[in-house]
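Participant: One structure follows; several queries about it will come next.
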Amino acid sequence: MRPRVCLAIVGAVLLATTPALRADTPVGGVILTDTTWDLAGSPYVVTVAAGGSIVVGGDATLTIEAGVEVRFEPGLALLVGWTAWGPGTLVARGTEQSPILFTSDQPEPTPGDWSRIDCLDQAADATFDDNENYQSGCVLEHVTVEYAGAGDYAAVNVDQSAPYLSYCEVRDNLNCGIAVYSAPPLRIENCYVHDNQDAGIFFYYSGGNTLTGNTISGNSTTSGGGIFFSQSSGNTLGGNTISGNSASTHDGGGICFTFSGGNTLEGNTISGNSAGRQGGGIYFGSGGNTLTGNTISGNSATSGGGGIDFNWTCANNTLEGNTISDNSASSGGGIRFYYYSGSNTLTGNTISGNSASSNGAGIDFYSSGGNTLTGNNIEDNTAGNEGGALYVQGSGNSAFAGNIIRFNHTTAGQTGGIFVTNGSEWVSLNGGPEAYNTICCNDGYDVYNNNSFYGSDARHDIDATNVFWGTDDTGVIQAEIYDFFDDASRAMVLWYPYVWDPPAGDLDGDGCVGHPDLGILLADWNCTGGDCPGDCDGDGDTDHADLGILLADWGSECSCQCD
């Protein structure tokens with residue numbers, strides 16, 4: 001029987017490696033010597049009659065030339081490097097003009113017609129030169145993979161190996177587009193992974209990956225619709241567009257990081273994703289993440305964190321220069337920090353246009369204190385209940401400096417601004433006279449202290465000194481605050497001394513530079529002698545210099561433009 005087995009294998013190898021005399025070349029079986037599938041033999045059909053699924057082993061390299069089409073009969077696959085057959089290498093490098101296509105051989109193809117491309121533990125890892133250019137090992141470049149996924153496999157499956165994926169299109173597959181298991185760090189660059197019936201890309205016990213310039217869209221699964229990281233930390237994502245993905249019943253419509261912290265996200269656009277529970281744009285289940293210069297917009301979550309959800313001990317994150325806008329959730333429309341997800345630093349972010357059907361449309365801090373917020377713009381967010389801008393619940397020891405918090409709304413509550421409750425101790429809105437917070441023009445109350453009065457212990461009071469309230473009328477300031485003076489069972493908001501620093505172009509004293517100020521200046525034009533209402537620069541006259549100052553201050557962010 002042994003000679004017959006050997007002859008069967010040899011026959012399969014010959015069918016896989018002997019050049020065909022015509023197009024529509026049947027291939028199958030084990031490849032044990034270096035083999036090239038050239039354009040002249042295309043399309044290559046992986047068929048049971050020629051030996052079935054392909055296995056590349058024996059230290060062989062299968063090279064597929066640009067423009068080649070590879071078709072698979074139902075349930076068949078291409079495996080590279082397997083313990084039983086030894087190491088193997090797949091080099092499939094198309095071009096932009098002549099991509100390589102892996103597809104179904106069915107006349108009317110559907111997702112799941114064939115199985116997968118599978119780089120296993122004996123597949124040669126990709127290597128790169130000092131300039132990070134591909135040098136050797138397994139590579140898929142300018143390759144399209146479609147209609148795969150039979151047998152519950154990803155279209156491109158990676159197990160304990162590290163191929164290089166560049167300019168690939170992975171589409172219309174029955175399961176994940178790309179799945180990576182227990183693998184060394186991968187580079188996935190400029191790929192388009194879309195309309196797969198599971199996660200676009202899935203990582204399991206595979207951290208340290210670099211994803212750059214990819215577009216991940218239209219994928220749908222239960223968790224992590226666009227990209228799902230499970231127990232895979234330390235990834236770098238830069239310049240990706242992740243849009244229109246959904247996690248139908250769980251977390252992370254765009255990206256889900258579960259037990260996967262220490263990630264760096266820079267310059268990504270994450271938009272239009274949805275989650276059945278938490279983290280419409282991004283769900284973080286572990287902390288230590290850095291987000292810089294991302295745009296996170298138009299995402300939704302049924303529960304918390306429409307834009308971003310930091311969940312359960314997901315602490316020590318840094319957010320800088322991000323735009324988080326027009327997201328929606330039950331709580332934390334823009335961002336939610338949930339249960340011991342504190343000690344975060346937020347600097348220079350724009351958080352606007354987000355909505356929450358319950359509390360905290362801009363940001364919801366829930367049992368997550370110790371945060372530092374500096375130089376953020378939190379504007380035009382809308383809560384169904386309390387905290388259009390910020391809802392701070394059981395989250396103390398947070399410090400705010402140089403933020404602009406205005407034009408936030410509530411539809412059924414009392415506070416469009418900042419709502420502090422449940423014993424949030426030592427909350428400070430005092431950025432000092434040089435880094436003061438602007439808090440004004442929010443619906444209802446600008447600041448509501450719902451903490452209980454604590455006697456002579458000031459821990460439940462809110463230090464709101466050195467705040468610019470948009471007015472120097474102390475009666476108006478007090479009216480914008482709810483605290484002990486409205487209900488003696490509540491703690492205080494300590495708002496004195498306050499900052500009154502209107503722009504030089506504010507001529508009517510309302511903290512705003514607008515048409516009324518221009519009217520005063522024009523009515524006073526050419527006034528001289530020192531008693532001139534239109535004098536902006538203090539030289540005693542109203543002239544072109546004053547007009548220049550007024551126009552320069554028009555719409556100034558340091559003012560509260562209530563009109």
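A note on labels: chains of the structure tokens are A, B, ... as shown, every chain counts residues from 1, and ligands are counted from 1 in their shown order.
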As an mmCIF file with N, CA and C atoms, in the first residue's frame, please: every residue in region 268-508 of chain A that a backbone DSSP assignment puts in strand (DSSP E or B).

Facilitator:
```cif
data_model
loop_
_atom_site.group_PDB
_atom_site.id
_atom_site.type_symbol
_atom_site.label_atom_id
_atom_site.label_comp_id
_atom_site.auth_asym_id
_atom_site.auth_seq_id
_atom_site.Cartn_x
_atom_site.Cartn_y
_atom_site.Cartn_z
ATOM 1 N N THR A 269 -10.065 57.595 11.287
ATOM 2 C CA THR A 269 -11.448 58.054 11.177
ATOM 3 C C THR A 269 -12.359 56.873 11.482
ATOM 4 N N ILE A 270 -13.156 57.020 12.542
ATOM 5 C CA ILE A 270 -14.013 55.934 13.009
ATOM 6 C C ILE A 270 -15.437 56.486 13.037
ATOM 7 N N SER A 271 -16.257 56.090 12.064
ATOM 8 C CA SER A 271 -17.544 56.761 11.890
ATOM 9 C C SER A 271 -18.639 55.803 11.456
ATOM 10 N N SER A 274 -22.003 50.900 14.822
ATOM 11 C CA SER A 274 -23.031 50.733 15.850
ATOM 12 C C SER A 274 -22.769 49.485 16.676
ATOM 13 N N ALA A 275 -23.147 49.566 17.966
ATOM 14 C CA ALA A 275 -22.978 48.438 18.886
ATOM 15 C C ALA A 275 -24.289 48.153 19.596
ATOM 16 N N ILE A 282 -15.623 52.765 19.537
ATOM 17 C CA ILE A 282 -14.544 51.944 20.094
ATOM 18 C C ILE A 282 -14.950 51.473 21.487
ATOM 19 N N TYR A 283 -14.674 50.220 21.782
ATOM 20 C CA TYR A 283 -14.840 49.672 23.123
ATOM 21 C C TYR A 283 -13.467 49.262 23.639
ATOM 22 N N PHE A 284 -13.093 49.809 24.804
ATOM 23 C CA PHE A 284 -11.854 49.422 25.469
ATOM 24 C C PHE A 284 -12.194 48.648 26.737
ATOM 25 N N THR A 290 -3.538 55.201 24.166
ATOM 26 C CA THR A 290 -3.265 56.573 23.744
ATOM 27 C C THR A 290 -3.982 56.840 22.428
ATOM 28 N N LEU A 291 -4.842 57.874 22.430
ATOM 29 C CA LEU A 291 -5.593 58.251 21.232
ATOM 30 C C LEU A 291 -5.226 59.691 20.873
ATOM 31 N N THR A 292 -4.703 59.897 19.671
ATOM 32 C CA THR A 292 -4.231 61.203 19.254
ATOM 33 C C THR A 292 -4.727 61.523 17.846
ATOM 34 N N THR A 295 -10.675 61.125 14.468
ATOM 35 C CA THR A 295 -12.032 61.632 14.289
ATOM 36 C C THR A 295 -12.998 60.485 14.541
ATOM 37 N N ILE A 296 -13.827 60.643 15.569
ATOM 38 C CA ILE A 296 -14.749 59.587 15.988
ATOM 39 C C ILE A 296 -16.143 60.190 15.952
ATOM 40 N N SER A 297 -16.919 59.870 14.924
ATOM 41 C CA SER A 297 -18.164 60.597 14.696
ATOM 42 C C SER A 297 -19.269 59.693 14.173
ATOM 43 N N SER A 300 -22.988 54.877 17.257
ATOM 44 C CA SER A 300 -24.076 54.720 18.223
ATOM 45 C C SER A 300 -23.933 53.429 19.009
ATOM 46 N N ALA A 301 -24.392 53.483 20.267
ATOM 47 C CA ALA A 301 -24.417 52.297 21.139
ATOM 48 C C ALA A 301 -25.741 52.278 21.878
ATOM 49 N N GLY A 304 -23.849 52.257 26.728
ATOM 50 C CA GLY A 304 -22.983 53.389 27.013
ATOM 51 C C GLY A 304 -21.880 53.573 25.999
ATOM 52 N N ILE A 308 -16.864 56.393 22.354
ATOM 53 C CA ILE A 308 -15.862 55.529 22.982
ATOM 54 C C ILE A 308 -16.402 55.069 24.332
ATOM 55 N N ASP A 309 -16.194 53.813 24.655
ATOM 56 C CA ASP A 309 -16.538 53.294 25.975
ATOM 57 C C ASP A 309 -15.298 52.682 26.613
ATOM 58 N N PHE A 310 -14.881 53.244 27.752
ATOM 59 C CA PHE A 310 -13.807 52.678 28.561
ATOM 60 C C PHE A 310 -14.490 51.937 29.714
ATOM 61 N N ASN A 311 -14.324 50.629 29.773
ATOM 62 C CA ASN A 311 -15.215 49.827 30.597
ATOM 63 C C ASN A 311 -14.472 48.935 31.584
ATOM 64 N N THR A 318 -4.894 58.204 27.616
ATOM 65 C CA THR A 318 -4.558 59.561 27.202
ATOM 66 C C THR A 318 -5.264 59.863 25.887
ATOM 67 N N LEU A 319 -6.049 60.953 25.887
ATOM 68 C CA LEU A 319 -6.749 61.392 24.681
ATOM 69 C C LEU A 319 -6.303 62.816 24.369
ATOM 70 N N GLU A 320 -5.741 63.031 23.187
ATOM 71 C CA GLU A 320 -5.223 64.355 22.847
ATOM 72 C C GLU A 320 -5.561 64.704 21.397
ATOM 73 N N THR A 323 -11.325 64.594 17.703
ATOM 74 C CA THR A 323 -12.659 65.157 17.482
ATOM 75 C C THR A 323 -13.672 64.045 17.681
ATOM 76 N N ILE A 324 -14.532 64.222 18.682
ATOM 77 C CA ILE A 324 -15.515 63.204 19.049
ATOM 78 C C ILE A 324 -16.883 63.865 18.934
ATOM 79 N N SER A 325 -17.592 63.588 17.860
ATOM 80 C CA SER A 325 -18.785 64.372 17.549
ATOM 81 C C SER A 325 -19.915 63.519 16.992
ATOM 82 N N SER A 328 -24.013 58.825 19.680
ATOM 83 C CA SER A 328 -25.182 58.706 20.549
ATOM 84 C C SER A 328 -25.163 57.398 21.325
ATOM 85 N N ALA A 329 -25.739 57.464 22.534
ATOM 86 C CA ALA A 329 -25.854 56.290 23.399
ATOM 87 C C ALA A 329 -26.865 56.596 24.484
ATOM 88 N N SER A 331 -26.042 56.515 27.739
ATOM 89 C CA SER A 331 -25.240 57.400 28.586
ATOM 90 C C SER A 331 -23.848 57.518 27.973
ATOM 91 N N ILE A 335 -18.235 60.035 25.170
ATOM 92 C CA ILE A 335 -17.312 59.119 25.849
ATOM 93 C C ILE A 335 -17.945 58.683 27.162
ATOM 94 N N ARG A 336 -17.774 57.424 27.513
ATOM 95 C CA ARG A 336 -18.135 56.961 28.850
ATOM 96 C C ARG A 336 -16.929 56.286 29.494
ATOM 97 N N PHE A 337 -16.638 56.689 30.729
ATOM 98 C CA PHE A 337 -15.638 56.023 31.565
ATOM 99 C C PHE A 337 -16.421 55.301 32.666
ATOM 100 N N TYR A 338 -16.370 53.969 32.655
ATOM 101 C CA TYR A 338 -17.309 53.182 33.451
ATOM 102 C C TYR A 338 -16.587 52.282 34.434
ATOM 103 N N THR A 345 -6.200 61.335 31.072
ATOM 104 C CA THR A 345 -5.795 62.685 30.705
ATOM 105 C C THR A 345 -6.405 63.036 29.357
ATOM 106 N N LEU A 346 -7.227 64.096 29.340
ATOM 107 C CA LEU A 346 -7.874 64.553 28.115
ATOM 108 C C LEU A 346 -7.396 65.969 27.823
ATOM 109 N N THR A 347 -6.749 66.165 26.681
ATOM 110 C CA THR A 347 -6.144 67.445 26.357
ATOM 111 C C THR A 347 -6.472 67.842 24.919
ATOM 112 N N THR A 350 -12.034 68.050 20.948
ATOM 113 C CA THR A 350 -13.323 68.675 20.657
ATOM 114 C C THR A 350 -14.402 67.614 20.800
ATOM 115 N N ILE A 351 -15.324 67.850 21.727
ATOM 116 C CA ILE A 351 -16.387 66.890 22.032
ATOM 117 C C ILE A 351 -17.700 67.620 21.818
ATOM 118 N N SER A 352 -18.354 67.388 20.687
ATOM 119 C CA SER A 352 -19.490 68.223 20.304
ATOM 120 C C SER A 352 -20.559 67.430 19.569
ATOM 121 N N SER A 355 -25.131 62.964 21.762
ATOM 122 C CA SER A 355 -26.403 62.892 22.479
ATOM 123 C C SER A 355 -26.469 61.638 23.334
ATOM 124 N N ALA A 356 -27.176 61.772 24.468
ATOM 125 C CA ALA A 356 -27.433 60.641 25.366
ATOM 126 C C ALA A 356 -28.895 60.684 25.756
ATOM 127 N N ILE A 363 -19.533 63.678 28.070
ATOM 128 C CA ILE A 363 -18.741 62.663 28.770
ATOM 129 C C ILE A 363 -19.511 62.210 30.001
ATOM 130 N N ASP A 364 -19.503 60.907 30.244
ATOM 131 C CA ASP A 364 -20.088 60.329 31.456
ATOM 132 C C ASP A 364 -18.971 59.666 32.249
ATOM 133 N N PHE A 365 -18.672 60.223 33.432
ATOM 134 C CA PHE A 365 -17.728 59.591 34.355
ATOM 135 C C PHE A 365 -18.545 58.830 35.390
ATOM 136 N N TYR A 366 -18.444 57.505 35.375
ATOM 137 C CA TYR A 366 -19.244 56.663 36.275
ATOM 138 C C TYR A 366 -18.283 55.868 37.142
ATOM 139 N N THR A 372 -7.826 64.346 34.516
ATOM 140 C CA THR A 372 -7.339 65.691 34.237
ATOM 141 C C THR A 372 -7.825 66.098 32.853
ATOM 142 N N LEU A 373 -8.586 67.195 32.789
ATOM 143 C CA LEU A 373 -9.112 67.695 31.524
ATOM 144 C C LEU A 373 -8.576 69.099 31.293
ATOM 145 N N THR A 374 -7.847 69.282 30.196
ATOM 146 C CA THR A 374 -7.195 70.554 29.917
ATOM 147 C C THR A 374 -7.406 70.956 28.463
ATOM 148 N N ASN A 377 -12.755 71.500 24.172
ATOM 149 C CA ASN A 377 -13.992 72.192 23.822
ATOM 150 C C ASN A 377 -15.140 71.187 23.922
ATOM 151 N N ILE A 378 -16.065 71.427 24.849
ATOM 152 C CA ILE A 378 -17.206 70.528 25.057
ATOM 153 C C ILE A 378 -18.455 71.351 24.810
ATOM 154 N N GLU A 379 -19.011 71.221 23.625
ATOM 155 C CA GLU A 379 -20.061 72.140 23.187
ATOM 156 C C GLU A 379 -21.178 71.414 22.437
ATOM 157 N N THR A 382 -26.246 67.060 23.874
ATOM 158 C CA THR A 382 -27.623 67.060 24.375
ATOM 159 C C THR A 382 -27.935 65.788 25.148
ATOM 160 N N ALA A 383 -28.305 65.951 26.427
ATOM 161 C CA ALA A 383 -28.702 64.817 27.268
ATOM 162 C C ALA A 383 -30.216 64.802 27.444
ATOM 163 N N LEU A 390 -21.272 67.190 30.891
ATOM 164 C CA LEU A 390 -20.573 66.209 31.721
ATOM 165 C C LEU A 390 -21.488 65.687 32.818
ATOM 166 N N TYR A 391 -21.452 64.384 33.032
ATOM 167 C CA TYR A 391 -22.154 63.774 34.146
ATOM 168 C C TYR A 391 -21.094 63.080 34.991
ATOM 169 N N VAL A 392 -20.921 63.525 36.231
ATOM 170 C CA VAL A 392 -19.843 63.045 37.095
ATOM 171 C C VAL A 392 -20.489 62.336 38.279
ATOM 172 N N GLN A 393 -20.451 61.004 38.264
ATOM 173 C CA GLN A 393 -21.139 60.205 39.272
ATOM 174 C C GLN A 393 -20.139 59.333 40.028
ATOM 175 N N ALA A 399 -9.647 67.223 37.866
ATOM 176 C CA ALA A 399 -9.259 68.628 37.749
ATOM 177 C C ALA A 399 -9.462 69.110 36.319
ATOM 178 N N PHE A 400 -10.063 70.308 36.202
ATOM 179 C CA PHE A 400 -10.366 70.899 34.908
ATOM 180 C C PHE A 400 -9.616 72.222 34.776
ATOM 181 N N ALA A 401 -8.990 72.471 33.615
ATOM 182 C CA ALA A 401 -8.293 73.733 33.385
ATOM 183 C C ALA A 401 -8.353 74.090 31.905
ATOM 184 N N ILE A 404 -13.497 74.864 27.474
ATOM 185 C CA ILE A 404 -14.670 75.657 27.091
ATOM 186 C C ILE A 404 -15.868 74.722 27.105
ATOM 187 N N ILE A 405 -16.813 74.999 27.989
ATOM 188 C CA ILE A 405 -17.985 74.134 28.189
ATOM 189 C C ILE A 405 -19.212 75.015 28.035
ATOM 190 N N ARG A 406 -19.830 74.982 26.877
ATOM 191 C CA ARG A 406 -20.938 75.910 26.615
ATOM 192 C C ARG A 406 -21.878 75.336 25.552
ATOM 193 N N HIS A 409 -26.994 71.004 26.191
ATOM 194 C CA HIS A 409 -28.451 71.021 26.347
ATOM 195 C C HIS A 409 -28.957 69.839 27.175
ATOM 196 N N THR A 410 -30.157 70.026 27.717
ATOM 197 C CA THR A 410 -30.925 68.941 28.324
ATOM 198 C C THR A 410 -32.350 69.052 27.829
ATOM 199 N N THR A 415 -29.990 70.303 33.920
ATOM 200 C CA THR A 415 -28.615 70.740 33.767
ATOM 201 C C THR A 415 -28.055 70.378 32.399
ATOM 202 N N ILE A 418 -22.690 70.851 33.718
ATOM 203 C CA ILE A 418 -21.986 69.810 34.470
ATOM 204 C C ILE A 418 -22.841 69.382 35.653
ATOM 205 N N PHE A 419 -23.136 68.084 35.749
ATOM 206 C CA PHE A 419 -23.937 67.541 36.839
ATOM 207 C C PHE A 419 -23.044 66.626 37.657
ATOM 208 N N VAL A 420 -22.889 66.938 38.968
ATOM 209 C CA VAL A 420 -21.990 66.192 39.857
ATOM 210 C C VAL A 420 -22.822 65.548 40.952
ATOM 211 N N THR A 421 -22.643 64.223 41.160
ATOM 212 C CA THR A 421 -23.521 63.519 42.090
ATOM 213 C C THR A 421 -22.823 62.302 42.691
ATOM 214 N N VAL A 427 -13.911 67.606 43.393
ATOM 215 C CA VAL A 427 -13.960 67.987 41.980
ATOM 216 C C VAL A 427 -13.561 69.458 41.872
ATOM 217 N N SER A 428 -12.598 69.742 41.002
ATOM 218 C CA SER A 428 -12.089 71.104 40.874
ATOM 219 C C SER A 428 -12.276 71.626 39.455
ATOM 220 N N ASN A 437 -11.469 77.946 33.188
ATOM 221 C CA ASN A 437 -12.502 77.293 32.398
ATOM 222 C C ASN A 437 -13.582 78.297 32.031
ATOM 223 N N THR A 438 -14.082 78.190 30.819
ATOM 224 C CA THR A 438 -15.245 78.954 30.390
ATOM 225 C C THR A 438 -16.459 78.040 30.486
ATOM 226 N N ILE A 439 -17.417 78.395 31.350
ATOM 227 C CA ILE A 439 -18.613 77.578 31.547
ATOM 228 C C ILE A 439 -19.813 78.508 31.463
ATOM 229 N N CYS A 440 -20.539 78.445 30.376
ATOM 230 C CA CYS A 440 -21.641 79.393 30.211
ATOM 231 C C CYS A 440 -22.574 78.952 29.087
ATOM 232 N N GLY A 444 -30.526 75.329 31.334
ATOM 233 C CA GLY A 444 -30.740 75.142 32.766
ATOM 234 C C GLY A 444 -29.532 75.619 33.536
ATOM 235 N N VAL A 447 -23.687 74.476 36.334
ATOM 236 C CA VAL A 447 -23.112 73.501 37.259
ATOM 237 C C VAL A 447 -24.169 73.135 38.298
ATOM 238 N N TYR A 448 -24.386 71.847 38.494
ATOM 239 C CA TYR A 448 -25.352 71.360 39.475
ATOM 240 C C TYR A 448 -24.606 70.428 40.429
ATOM 241 N N ASN A 449 -24.557 70.814 41.716
ATOM 242 C CA ASN A 449 -23.905 69.961 42.715
ATOM 243 C C ASN A 449 -24.975 69.173 43.457
ATOM 244 N N SER A 452 -24.281 65.384 48.626
ATOM 245 C CA SER A 452 -24.869 65.721 49.920
ATOM 246 C C SER A 452 -23.967 66.681 50.703
ATOM 247 N N ILE A 462 -17.682 71.763 45.263
ATOM 248 C CA ILE A 462 -16.997 71.879 43.981
ATOM 249 C C ILE A 462 -16.235 73.194 43.969
ATOM 250 N N ASP A 463 -14.941 73.126 43.762
ATOM 251 C CA ASP A 463 -14.126 74.331 43.656
ATOM 252 C C ASP A 463 -14.286 74.888 42.242
ATOM 253 N N VAL A 467 -13.447 80.775 37.403
ATOM 254 C CA VAL A 467 -14.177 80.345 36.218
ATOM 255 C C VAL A 467 -14.704 81.580 35.496
ATOM 256 N N PHE A 468 -14.674 81.569 34.184
ATOM 257 C CA PHE A 468 -15.303 82.619 33.384
ATOM 258 C C PHE A 468 -16.726 82.181 33.081
ATOM 259 N N ILE A 481 -26.097 78.270 38.893
ATOM 260 C CA ILE A 481 -25.545 77.213 39.729
ATOM 261 C C ILE A 481 -26.637 76.671 40.646
ATOM 262 N N TYR A 482 -26.683 75.343 40.823
ATOM 263 C CA TYR A 482 -27.578 74.731 41.797
ATOM 264 C C TYR A 482 -26.721 74.077 42.868
ATOM 265 N N ARG A 490 -27.758 69.962 49.924
ATOM 266 C CA ARG A 490 -26.742 69.788 48.896
ATOM 267 C C ARG A 490 -25.454 70.501 49.305
ATOM 268 N N VAL A 493 -21.131 75.000 45.561
ATOM 269 C CA VAL A 493 -20.270 75.326 44.434
ATOM 270 C C VAL A 493 -19.584 76.640 44.788
ATOM 271 N N LEU A 494 -18.290 76.594 44.972
ATOM 272 C CA LEU A 494 -17.530 77.763 45.435
ATOM 273 C C LEU A 494 -17.054 78.546 44.216
ATOM 274 N N VAL A 499 -13.647 84.918 37.158
ATOM 275 C CA VAL A 499 -12.886 85.617 36.127
ATOM 276 C C VAL A 499 -13.840 86.430 35.270
#
```

Participant: Quick one: residues within 7 Å of Asp125 (chain A), only C-alpha atoms, excluding same-chain residues fewer than 5 positions away - as a ChimeraX atom specification?

Facilitator: /A:137-138,161-163

Participant: Based on the selection just made, write N, CA and C atoms of those residues as a PDB file, in the first residue's frame.

Facilitator:
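Done, and the output landed in part-v8.pdb:
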```
ATOM      1  N   GLY A 137       9.487  36.043   2.654  1.00  0.00           N
ATOM      2  CA  GLY A 137       8.434  35.411   3.444  1.00  0.00           C
ATOM      3  C   GLY A 137       7.069  35.541   2.790  1.00  0.00           C
ATOM      4  N   CYS A 138       6.055  35.118   3.519  1.00  0.00           N
ATOM      5  CA  CYS A 138       4.691  35.105   2.974  1.00  0.00           C
ATOM      6  C   CYS A 138       4.160  36.521   2.806  1.00  0.00           C
ATOM      7  N   SER A 161       1.795  32.504  12.624  1.00  0.00           N
ATOM      8  CA  SER A 161       2.725  32.970  11.599  1.00  0.00           C
ATOM      9  C   SER A 161       2.484  34.451  11.348  1.00  0.00           C
ATOM     10  N   ALA A 162       3.325  35.067  10.521  1.00  0.00           N
ATOM     11  CA  ALA A 162       3.243  36.517  10.318  1.00  0.00           C
ATOM     12  C   ALA A 162       3.448  36.873   8.855  1.00  0.00           C
ATOM     13  N   PRO A 163       2.441  36.649   8.005  1.00  0.00           N
ATOM     14  CA  PRO A 163       2.536  37.124   6.629  1.00  0.00           C
ATOM     15  C   PRO A 163       2.380  38.650   6.578  1.00  0.00           C
TER      16      PRO A 163
END
```

Participant: Just the residues within 9 Å of Ala49 (chain A), please, counting only C-alpha atoms, with nothing from its chain fewer than 5 positions along; format it as a ChimeraX atom specification.

Facilitator: /A:26-28

Participant: Could you check the closest approach to Arg459 (chain A) for each of A:Phe484, A:Asp24, A:Trp114, A:Trp426 and tell me which residue wins, using only C-alpha atoms?

Facilitator: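 Of the candidates, the smallest distance to Arg459 (chain A) is held by A:Trp426.
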
Participant: Which polymer residues have any atom within 6 Å of an atom of Ser368 (chain A), counting only C-alpha atoms, with same-chain residues fewer than 2 positions away left out, as an mmCIF file with C-alpha atoms, in the first residue's frame?

Facilitator:
```cif
data_model
loop_
_atom_site.group_PDB
_atom_site.id
_atom_site.type_symbol
_atom_site.label_atom_id
_atom_site.label_comp_id
_atom_site.auth_asym_id
_atom_site.auth_seq_id
_atom_site.Cartn_x
_atom_site.Cartn_y
_atom_site.Cartn_z
ATOM 1 C CA TYR A 339 -16.418 51.579 36.800
ATOM 2 C CA TYR A 340 -12.842 52.209 37.892
ATOM 3 C CA SER A 341 -11.807 53.520 34.481
ATOM 4 C CA GLY A 342 -10.298 56.711 35.880
ATOM 5 C CA PHE A 365 -17.728 59.591 34.355
ATOM 6 C CA TYR A 366 -19.244 56.663 36.275
ATOM 7 C CA SER A 395 -15.973 60.139 40.398
#
```

Participant: So that I can check the surroundings of Ala126 (chain A), please list as number ranges by chain every protein, DNA and RNA residue that reaches within 10 Å of it, counting only C-alpha atoms and ignoring chain neighbours fewer than 2 positions away.

Facilitator: A: 89, 91, 123-124, 128, 134-139, 161-165, 186-187

Participant: Do a neighbour search on region 515-532 of chain A at 12 Å with only C-alpha atoms, toss out local chain neighbours closer than 3 positions, and write the hits as a PyMOL selection string.

Facilitator: chain A and resi 503-512+535-555+561+563

Participant: Between A:Glu386, A:Asp159, A:Asp457, A:Glu96, which is the closest to Phe203 (chain A) once you count only C-alpha atoms?

Facilitator: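 Closest to Phe203 (chain A) of all the choices is A:Asp159.
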
Participant: Could you jot down the CA of Gly67 (chain A) to CA of Tyr44 (chain A) separation for me, Å, one decimal place?

Facilitator: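 Separating CA of Gly67 (chain A) from CA of Tyr44 (chain A) is a distance of 11.5 Å.
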
Participant: Hey, what's within 7 Å of Gly75 (chain A) if we count only C-alpha atoms and toss same-chain stuff fewer than 2 positions away? As a list of chain:residue names, please?

Facilitator: A:Glu73, A:Ala77, A:Asp113, A:Trp114, A:Ser115, A:Ala150

Participant: Calculate how many Å separate CA of Leu62 (chain A) from CA of Tyr153 (chain A), rounding to one decimal.

Facilitator: 21.9 Å

Participant: Of the candidates A:Gly218, A:Gly387, A:Gly213, A:Gly226, which shows the shortest atom-to-atom distance to Cys168 (chain A), using only C-alpha atoms?

Facilitator: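 Using only C-alpha atoms, the shortest distance to Cys168 (chain A) belongs to A:Gly213.
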